[in-house]
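Undergrad: Contents of query-v1.pdb (PDB, C-alpha atoms) are given next:
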ATOM      1  CA  MET Z   1     -10.514   4.071  -6.281  1.00  0.00           C
ATOM      2  CA  ILE Z   2      -8.863   1.502  -4.001  1.00  0.00           C
ATOM      3  CA  ALA Z   3      -5.210   1.810  -2.995  1.00  0.00           C
ATOM      4  CA  LEU Z   4      -2.966  -0.899  -1.567  1.00  0.00           C
ATOM      5  CA  ASP Z   5      -0.640  -0.495   1.386  1.00  0.00           C
ATOM      6  CA  THR Z   6       2.774  -2.111   1.616  1.00  0.00           C
ATOM      7  CA  ASN Z   7       1.737  -5.021   3.819  1.00  0.00           C
ATOM      8  CA  ILE Z   8      -0.813  -6.263   1.280  1.00  0.00           C
ATOM      9  CA  LEU Z   9       1.875  -6.133  -1.413  1.00  0.00           C
ATOM     10  CA  VAL Z  10       4.320  -8.022   0.809  1.00  0.00           C
ATOM     11  CA  TYR Z  11       1.768 -10.717   1.651  1.00  0.00           C
ATOM     12  CA  ALA Z  12       0.829 -11.068  -2.020  1.00  0.00           C
ATOM     13  CA  HIS Z  13       4.479 -11.484  -2.997  1.00  0.00           C
ATOM     14  CA  ARG Z  14       5.805 -13.691  -0.196  1.00  0.00           C
ATOM     15  CA  GLU Z  15       4.444 -17.205  -0.622  1.00  0.00           C
ATOM     16  CA  ASP Z  16       5.595 -17.999   2.921  1.00  0.00           C
ATOM     17  CA  SER Z  17       3.127 -15.484   4.360  1.00  0.00           C
ATOM     18  CA  GLU Z  18       0.090 -16.989   6.053  1.00  0.00           C
ATOM     19  CA  TRP Z  19      -1.959 -14.324   4.251  1.00  0.00           C
ATOM     20  CA  HIS Z  20      -0.396 -14.909   0.820  1.00  0.00           C
ATOM     21  CA  ASP Z  21      -3.385 -16.537  -0.878  1.00  0.00           C
ATOM     22  CA  ALA Z  22      -5.886 -13.915   0.277  1.00  0.00           C
ATOM     23  CA  ALA Z  23      -3.569 -10.975  -0.507  1.00  0.00           C
ATOM     24  CA  PHE Z  24      -2.572 -12.400  -3.888  1.00  0.00           C
ATOM     25  CA  ALA Z  25      -6.256 -12.788  -4.785  1.00  0.00           C
ATOM     26  CA  CYS Z  26      -6.959  -9.169  -3.758  1.00  0.00           C
ATOM     27  CA  VAL Z  27      -4.132  -7.776  -5.884  1.00  0.00           C
ATOM     28  CA  ALA Z  28      -5.090  -9.957  -8.842  1.00  0.00           C
ATOM     29  CA  GLN Z  29      -8.736  -8.904  -8.519  1.00  0.00           C
ATOM     30  CA  LEU Z  30      -7.810  -5.221  -8.677  1.00  0.00           C
ATOM     31  CA  ALA Z  31      -5.233  -5.631 -11.449  1.00  0.00           C
ATOM     32  CA  GLU Z  32      -7.542  -7.697 -13.633  1.00  0.00           C
ATOM     33  CA  SER Z  33     -10.785  -5.782 -13.013  1.00  0.00           C
ATOM     34  CA  GLY Z  34     -10.039  -3.015 -15.501  1.00  0.00           C
ATOM     35  CA  GLY Z  35     -11.075  -0.412 -12.941  1.00  0.00           C
ATOM     36  CA  ALA Z  36      -8.644   2.152 -11.586  1.00  0.00           C
ATOM     37  CA  TRP Z  37      -6.633   1.077  -8.558  1.00  0.00           C
ATOM     38  CA  ALA Z  38      -3.593   2.619  -6.927  1.00  0.00           C
ATOM     39  CA  ILE Z  39      -0.356   2.070  -5.070  1.00  0.00           C
ATOM     40  CA  PRO Z  40       1.276   5.004  -3.271  1.00  0.00           C
ATOM     41  CA  ALA Z  41       4.853   5.368  -4.575  1.00  0.00           C
ATOM     42  CA  PRO Z  42       6.392   5.160  -1.071  1.00  0.00           C
ATOM     43  CA  CYS Z  43       4.849   1.703  -0.710  1.00  0.00           C
ATOM     44  CA  PHE Z  44       7.032   0.419  -3.560  1.00  0.00           C
ATOM     45  CA  HIS Z  45      10.128   1.611  -1.699  1.00  0.00           C
ATOM     46  CA  GLU Z  46       8.981   0.100   1.570  1.00  0.00           C
ATOM     47  CA  PHE Z  47       8.071  -3.172  -0.203  1.00  0.00           C
ATOM     48  CA  LEU Z  48      11.609  -3.442  -1.627  1.00  0.00           C
ATOM     49  CA  ALA Z  49      13.148  -2.734   1.780  1.00  0.00           C
ATOM     50  CA  ILE Z  50      11.011  -5.308   3.584  1.00  0.00           C
ATOM     51  CA  VAL Z  51      11.064  -8.298   1.237  1.00  0.00           C
ATOM     52  CA  SER Z  52      14.820  -8.031   0.649  1.00  0.00           C
ATOM     53  CA  HIS Z  53      15.727  -7.619   4.334  1.00  0.00           C
ATOM     54  CA  PRO Z  54      17.608 -10.679   5.663  1.00  0.00           C
ATOM     55  CA  ARG Z  55      16.461 -10.108   9.241  1.00  0.00           C
ATOM     56  CA  ILE Z  56      12.809 -10.061   8.217  1.00  0.00           C
ATOM     57  CA  TYR Z  57      12.753 -12.945   5.711  1.00  0.00           C
ATOM     58  CA  ARG Z  58      14.970 -15.990   5.504  1.00  0.00           C
ATOM     59  CA  PRO Z  59      15.718 -16.220   2.745  1.00  0.00           C
ATOM     60  CA  PRO Z  60      15.021 -12.659   1.667  1.00  0.00           C
ATOM     61  CA  THR Z  61      13.693 -11.998  -1.805  1.00  0.00           C
ATOM     62  CA  PRO Z  62      16.637 -11.264  -4.113  1.00  0.00           C
ATOM     63  CA  MET Z  63      16.491  -7.612  -5.151  1.00  0.00           C
ATOM     64  CA  GLN Z  64      16.127  -8.444  -8.850  1.00  0.00           C
ATOM     65  CA  LEU Z  65      13.037 -10.546  -8.123  1.00  0.00           C
ATOM     66  CA  ALA Z  66      11.604  -7.829  -5.888  1.00  0.00           C
ATOM     67  CA  LEU Z  67      12.146  -5.239  -8.626  1.00  0.00           C
ATOM     68  CA  ASP Z  68      10.570  -7.594 -11.164  1.00  0.00           C
ATOM     69  CA  GLN Z  69       7.519  -7.875  -8.906  1.00  0.00           C
ATOM     70  CA  VAL Z  70       7.154  -4.084  -8.741  1.00  0.00           C
ATOM     71  CA  ASP Z  71       7.547  -3.897 -12.517  1.00  0.00           C
ATOM     72  CA  ALA Z  72       4.801  -6.512 -12.948  1.00  0.00           C
ATOM     73  CA  TRP Z  73       2.375  -4.505 -10.818  1.00  0.00           C
ATOM     74  CA  ARG Z  74       3.287  -1.309 -12.643  1.00  0.00           C
ATOM     75  CA  GLU Z  75       2.437  -2.974 -15.976  1.00  0.00           C
ATOM     76  CA  SER Z  76      -1.241  -3.115 -15.032  1.00  0.00           C
ATOM     77  CA  PRO Z  77      -2.840  -0.579 -17.382  1.00  0.00           C
ATOM     78  CA  SER Z  78      -5.359   0.489 -14.738  1.00  0.00           C
ATOM     79  CA  LEU Z  79      -2.789   1.088 -11.972  1.00  0.00           C
ATOM     80  CA  GLN Z  80      -2.245   4.639 -10.809  1.00  0.00           C
ATOM     81  CA  VAL Z  81       0.978   5.283  -8.912  1.00  0.00           C
ATOM     82  CA  LEU Z  82       0.278   7.962  -6.325  1.00  0.00           C
ATOM     83  CA  ALA Z  83       3.029  10.563  -6.036  1.00  0.00           C
ATOM     84  CA  GLU Z  84       3.430  13.995  -4.526  1.00  0.00           C
ATOM     85  CA  GLY Z  85       2.173  16.868  -6.628  1.00  0.00           C
ATOM     86  CA  GLU Z  86       0.717  20.343  -6.392  1.00  0.00           C
ATOM     87  CA  GLY Z  87      -1.240  20.662  -3.143  1.00  0.00           C
ATOM     88  CA  TYR Z  88       0.156  17.494  -1.547  1.00  0.00           C
ATOM     89  CA  TRP Z  89       2.309  19.284   1.032  1.00  0.00           C
ATOM     90  CA  GLY Z  90      -0.677  21.131   2.471  1.00  0.00           C
ATOM     91  CA  ARG Z  91      -2.566  17.854   2.844  1.00  0.00           C
ATOM     92  CA  LEU Z  92       0.395  16.189   4.602  1.00  0.00           C
ATOM     93  CA  HIS Z  93       0.983  19.216   6.816  1.00  0.00           C
ATOM     94  CA  ALA Z  94      -2.620  19.237   8.024  1.00  0.00           C
ATOM     95  CA  LEU Z  95      -2.747  15.464   8.475  1.00  0.00           C
ATOM     96  CA  VAL Z  96       0.453  15.308  10.533  1.00  0.00           C
ATOM     97  CA  LEU Z  97      -0.781  18.046  12.843  1.00  0.00           C
ATOM     98  CA  SER Z  98      -4.334  16.741  13.229  1.00  0.00           C
ATOM     99  CA  SER Z  99      -3.241  13.134  13.866  1.00  0.00           C
ATOM    100  CA  ARG Z 100      -0.319  14.112  16.127  1.00  0.00           C
ATOM    101  CA  VAL Z 101       2.026  11.600  14.538  1.00  0.00           C
ATOM    102  CA  ALA Z 102       5.803  11.692  14.887  1.00  0.00           C
ATOM    103  CA  GLY Z 103       8.814   9.588  14.000  1.00  0.00           C
ATOM    104  CA  ALA Z 104       8.156   6.490  11.925  1.00  0.00           C
ATOM    105  CA  GLN Z 105       4.409   7.248  11.928  1.00  0.00           C
ATOM    106  CA  VAL Z 106       5.090  10.059   9.448  1.00  0.00           C
ATOM    107  CA  HIS Z 107       5.454   7.380   6.755  1.00  0.00           C
ATOM    108  CA  ASP Z 108       1.838   6.303   7.330  1.00  0.00           C
ATOM    109  CA  ALA Z 109       0.766   9.958   7.253  1.00  0.00           C
ATOM    110  CA  ARG Z 110       2.550  10.302   3.913  1.00  0.00           C
ATOM    111  CA  VAL Z 111       0.674   7.310   2.489  1.00  0.00           C
ATOM    112  CA  ALA Z 112      -2.623   8.600   3.876  1.00  0.00           C
ATOM    113  CA  ALA Z 113      -1.989  12.109   2.512  1.00  0.00           C
ATOM    114  CA  LEU Z 114      -1.187  10.693  -0.935  1.00  0.00           C
ATOM    115  CA  CYS Z 115      -4.380   8.652  -0.909  1.00  0.00           C
ATOM    116  CA  LEU Z 116      -6.524  11.592   0.160  1.00  0.00           C
ATOM    117  CA  HIS Z 117      -4.776  13.930  -2.280  1.00  0.00           C
ATOM    118  CA  HIS Z 118      -5.555  11.582  -5.176  1.00  0.00           C
ATOM    119  CA  GLY Z 119      -9.155  10.823  -4.235  1.00  0.00           C
ATOM    120  CA  VAL Z 120      -8.696   7.255  -3.005  1.00  0.00           C
ATOM    121  CA  THR Z 121     -11.976   5.990  -1.564  1.00  0.00           C
ATOM    122  CA  GLU Z 122     -10.469   3.104   0.442  1.00  0.00           C
ATOM    123  CA  LEU Z 123      -6.994   1.934   1.463  1.00  0.00           C
ATOM    124  CA  TRP Z 124      -6.576  -1.803   1.772  1.00  0.00           C
ATOM    125  CA  THR Z 125      -4.144  -2.448   4.616  1.00  0.00           C
ATOM    126  CA  ALA Z 126      -3.462  -4.765   7.515  1.00  0.00           C
ATOM    127  CA  ASP Z 127      -2.025  -1.840   9.499  1.00  0.00           C
ATOM    128  CA  ARG Z 128      -4.451  -0.625  12.177  1.00  0.00           C
ATOM    129  CA  ASP Z 129      -2.339   2.515  12.672  1.00  0.00           C
ATOM    130  CA  PHE Z 130      -4.165   4.083   9.731  1.00  0.00           C
ATOM    131  CA  GLY Z 131      -7.060   4.526  12.152  1.00  0.00           C
ATOM    132  CA  ARG Z 132      -5.242   7.725  13.170  1.00  0.00           C
ATOM    133  CA  PHE Z 133      -6.505   9.222   9.935  1.00  0.00           C
ATOM    134  CA  PRO Z 134     -10.312   9.102  10.116  1.00  0.00           C
ATOM    135  CA  GLU Z 135     -10.557  10.983   6.811  1.00  0.00           C
ATOM    136  CA  LEU Z 136      -9.307   7.837   5.030  1.00  0.00           C
ATOM    137  CA  ARG Z 137     -11.504   4.735   4.951  1.00  0.00           C
ATOM    138  CA  THR Z 138      -9.517   1.515   5.380  1.00  0.00           C
ATOM    139  CA  ARG Z 139     -10.219  -2.188   5.138  1.00  0.00           C
ATOM    140  CA  ASN Z 140      -8.159  -5.285   5.772  1.00  0.00           C
ATOM    141  CA  PRO Z 141      -9.054  -7.471   2.791  1.00  0.00           C
ATOM    142  CA  VAL Z 142      -7.152 -10.531   4.003  1.00  0.00           C
ATOM    143  CA  ILE Z 143      -9.499 -10.958   6.977  1.00  0.00           C
ATOM    144  CA  ASP Z 144     -12.574  -9.002   5.833  1.00  0.00           C
ATOM    145  CA  LYS Z 145     -14.187 -11.091   3.106  1.00  0.00           C
ATOM    146  CA  ARG Z 146     -17.014  -8.713   2.162  1.00  0.00           C
ATOM    147  CA  SER Z 147     -17.207  -8.106  -1.550  1.00  0.00           C
ATOM    148  CA  SER Z 148     -15.154  -5.272  -2.994  1.00  0.00           C
TER     149      SER Z 148
END
Mind turning the file's structure into structure tokens?

TA:
Amino acid sequence: MIALDTNILVYAHREDSEWHDAAFACVAQLAESGGAWAIPAPCFHEFLAIVSHPRIYRPPTPMQLALDQVDAWRESPSLQVLAEGEGYWGRLHALVLSSRVAGAQVHDARVAALCLHHGVTELWTADRDFGRFPELRTRNPVIDKRSS
């Protein structure tokens, strides 16, 4: 199962992103394929915070439109929202210690732990910091055009 990181969601949503077309196509491909795909729940929160932030985007996405976008993704019948559950804390605990992350990097560890906990085979992200977690295979689909 493929999971999407926040930055891919942001690029797919924001038409002013130079990576919009490629990211939009990736999200559409997953949503329309009928196969299981995933978004870690914290990525929805981070998406809302980023696209609605007036110091990041001018103009920012109005919150109602950002929420509508999340709702649209969540309507995909094959989407699995990855959330904490039984056994998650142990996975996060081990990952944080083995990767030696701290501060804001804990968010990435949380996303990685959720993916690993739920059996994600690949995380699509433009964030190279996920290289800290060698247990999780990653790919940047907006620059890597190999077939999915």

Undergrad: Can I get the residues of stretch 35-119 of chain Z within 9 Å of stretch 128-132 of chain Z, each with the closest pair of atoms and their distance in Å to one decimal, using all atoms listed in the file, sorted chain first then ascending number, as a Markdown table?

TA:
| residue | atom | partner | partner_atom | distance |
| --- | --- | --- | --- | --- |
| Z:Ser99 | CA | Z:Arg132 | CA | 5.8 |
| Z:Arg100 | CA | Z:Arg132 | CA | 8.6 |
| Z:Val101 | CA | Z:Arg132 | CA | 8.3 |
| Z:Gln105 | CA | Z:Asp129 | CA | 8.3 |
| Z:Asp108 | CA | Z:Phe130 | CA | 6.8 |
| Z:Ala109 | CA | Z:Phe130 | CA | 8.1 |
| Z:Ala112 | CA | Z:Phe130 | CA | 7.6 |

Undergrad: Using only C-alpha atoms, determine which residues lie at most 12 Å from Z:Val27, disregarding the query and same-chain residues fewer than 3 positions distant; provide the list as an MDAnalysis selection string.

TA: chainID Z and resid 2:13 20:24 30:33 37:39 72:74 76 79 124:125 141:142 148

Undergrad: Which residue gives the smallest distance to Z:Leu116 among Z:Leu92, Z:Ile56, Z:Leu97, Z:Ala104, with all atoms listed in the file counted?

TA: Z:Leu92

Undergrad: So that I can check the surroundings of Z:Pro40, please list as a ChimeraX atom specification every protein, DNA and RNA residue that reaches within 7 Å of it, counting all atoms listed in the file and ignoring chain neighbours fewer than 5 positions away.

TA: /Z:81-83,111,114

Undergrad: Could you tell me how far atom CA of Z:Arg137 sits from atom CA of Z:Glu122, in Å to one decimal place?

TA: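 The value is 4.9 Å.
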